[in-house]
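Structure first, then comments.
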Amino acid sequence: MFDLDKWQEIFSTIRKNKLRTFLTGFSVAWGIFMLIILLGSGYGLENGVRDQFKGGAVNGIWITSGMTSKTYKGLQPGRQVKFTNEDYSLVKGAVDGIDLISSRFWIHQDNTFAYKNNYGNFTISPVHPDYGEIKELEMLEGRFVNDIDLAKYRKVIVIGEIIKETLFKAPDTIAVGKYINVAGVPFQVIGVFHDEGSDDEQRRAYVPVYTAQRVFTGDNVINQVSFTTNLGIDKSNEMLATITRQLAAFHSFDPEDQRAINAWNKAEEFERTMQLFAAIRLFIWIIGIGTIIAGIVGVSNIMLIVVKERTKEIGIRKAIGASPASVVSLILQESILITGFSGYIGLVAGVFLLELVSKYMPPNEMFANPEADFQLAVSATILLVISGALAGLIPSLRAARIKPIVALRDE
Amino acid sequence: MIELRGIHKSYEMGSNKLHVLKGIDLSIKEGELVSIVGSSGSGKSTLLNILGILDTYDQGEYYLDGKHIKNLNETKAAWYRNQMIGFVFQSFNLISFKNAMENVALPLYYQKVSRKRRNIVALEYLDRMGLKEWAEHTPNELSGGQKQRVAIARSMISKPKVILADEPTGALDSATSMEVMNLFKEINREGITVIIVTHEHDISEQTNKVIHLKDGFIEKIRINTPENILANV
């Protein structure tokens, strides 16, 4: 395949026709450039949205109490549905297949955190031990809330990274074991965590749910039950329906009432979003390949002209002993060289632009880290070689059919 | 060396059929210097193309160095051309973007001779043609006579059995034509068969055997003895 003489011949024809080669190459380079930009942006969009799903298991289901919006059995709409610890038990017992489960409630009152002379306002989230796994927290220090903490109503707290930074200024301080004041009540720090989600998630502190009920509210109200299941989307939707029915019966609301409880099956949403992105990616590939096909047609066209112009030369070669195969490979390799090289330029330019955007554009909800990954670059390269071969195929076959006597006939 | 028996060739010209060669019987022995003459349309170029395996024939038999040349595929034909035949054309047919040395070396490229080796051999042949200093020049920097000498060097480099020349002096002035003819005679003295198609009397008279073609037939074959060559020059 590699043959210095052949390459020298290819280069010499390219050198003689700089403008023509440039224009042809440009169309291919542009095609690949657009493909990379489109795909990279597609990934950026996907990354941005995927980030929103971070911080929490994607197979999680979240049920939050709400307010009824329909009359039911003579009851007026607008009733507040109040979850208690009983609802936690109800959900837990309603269906099989629950992997992790936790309840949670909101605390709206004073939430000043203090350690020595450092203060801050953060969110207190009372939870069950499973919550750490549901939320996929990464423990930087210590441990998460456990069952004994819960059973013994221990006043222990797991704090987010930012809380630790705020309260314990020095970064190398060990927070575990220290007592901090939360709304005037001393809690012992048992862990520090990092959450993949937004900064708000690092401004959170988790405490055992029963402890919090005793210390802060004095009742058994909860706001939310969340659980995970590994049984797949169809099954999890079934589970959610069963749970909704039982909760509806228990709290006397219409099971069809969308507002009485707010149920969110993250797996379903995640899958639907990912399907959307798969569709977008497919669409982008179609557009990109369409652009490249335009480039291929351009190269093919140029190569036909090249063959026409070189008819005489090809005739001479054949008279001297060039086989049809060697003529085919000569034209084919030139075509692959032009498409391959210019496509590579487009590839590099595209990746460079994406890197630039990725570096200087702050990630936001909709768009983060546009990237052209290795796999993409490899597929684009393969695509290039194939398109070069395709572009050169017809011209080279035509070249091979040139009869030397016709080519050498004096004009 | 060359045996032709009852060669017929016709071309389709739209709905018409043009019968160009109407039964050619010809025998050329190794080491002969032959010319083929005739008016235009007599079929001399067609005959040369068939001899050079550049074209096929419809009927008859053609043996080249004992090999039956018939129904060859293109790859095989290319190989025979490369191994056994050297071509010299009226319009030189050098590749314009290659220098003289590379042009001469080209047949060896198709014999898979290494670049270095074939350039050395090409230089030797150019030297014999007195063109060593012009090796790095491209054809458009050479005069007509020089170009034809490069073409002759190219035809010889693969040590062919036969050199076919189609009007080799057609584009040259008479002095240069004589130089070129002298080269052909010199090559012929080395034992290579040389067949020249020409319509110039001066040229054909310098060959040993003159084949006259007329309307697709061999009209006559004249042997030039040294005496009548002398008489003609």
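Starting from 1 in every chain, residues are counted up; chains themselves are A, B, ... following the order of the structure tokens, and ligands are numbered from 1 as listed.
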
Item to check | For A:Gly40: contacts at 9 Å, only C-alpha atoms, fewer than 5 positions along chain excluded, given as an MDAnalysis selection string | outcome: chainID A and resid 35 45 350:351 354 369:373

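Residues from chain A that have an atom within 6 Å of chain B, counting only C-alpha atoms, are Ile320, Gly321, Ala322 and Ser323 of chain A.
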
Checklist entry - So how many Å separate atom CA of A:Asp87 and atom CA of A:Asn111, to one decimal? => result 26.1 Å

Item to check | Shell of 6 Å around A:Phe33, only C-alpha atoms, local chain residues under 3 positions omitted, as a count of residues only | outcome: 6

Next on the checklist: Env of stretch 22-26 of chain A: 8 Å cut, atoms = only C-alpha atoms, seq-sep filter 5 positions within chain, self excluded. Answer as JSON, numbers by chain.
Outcome noted: {"A": [295, 298, 299, 302, 338, 339, 341, 342, 343]}

Checklist entry - Got a sec to tell me which of stretch 37-225 of chain B DSSP assigns to helix (DSSP H, G or I), as a PyMOL selection string? => result chain B and resi 44-51+74-84+100-109+115-128+132-134+139-141+144-157+174-189+201-204
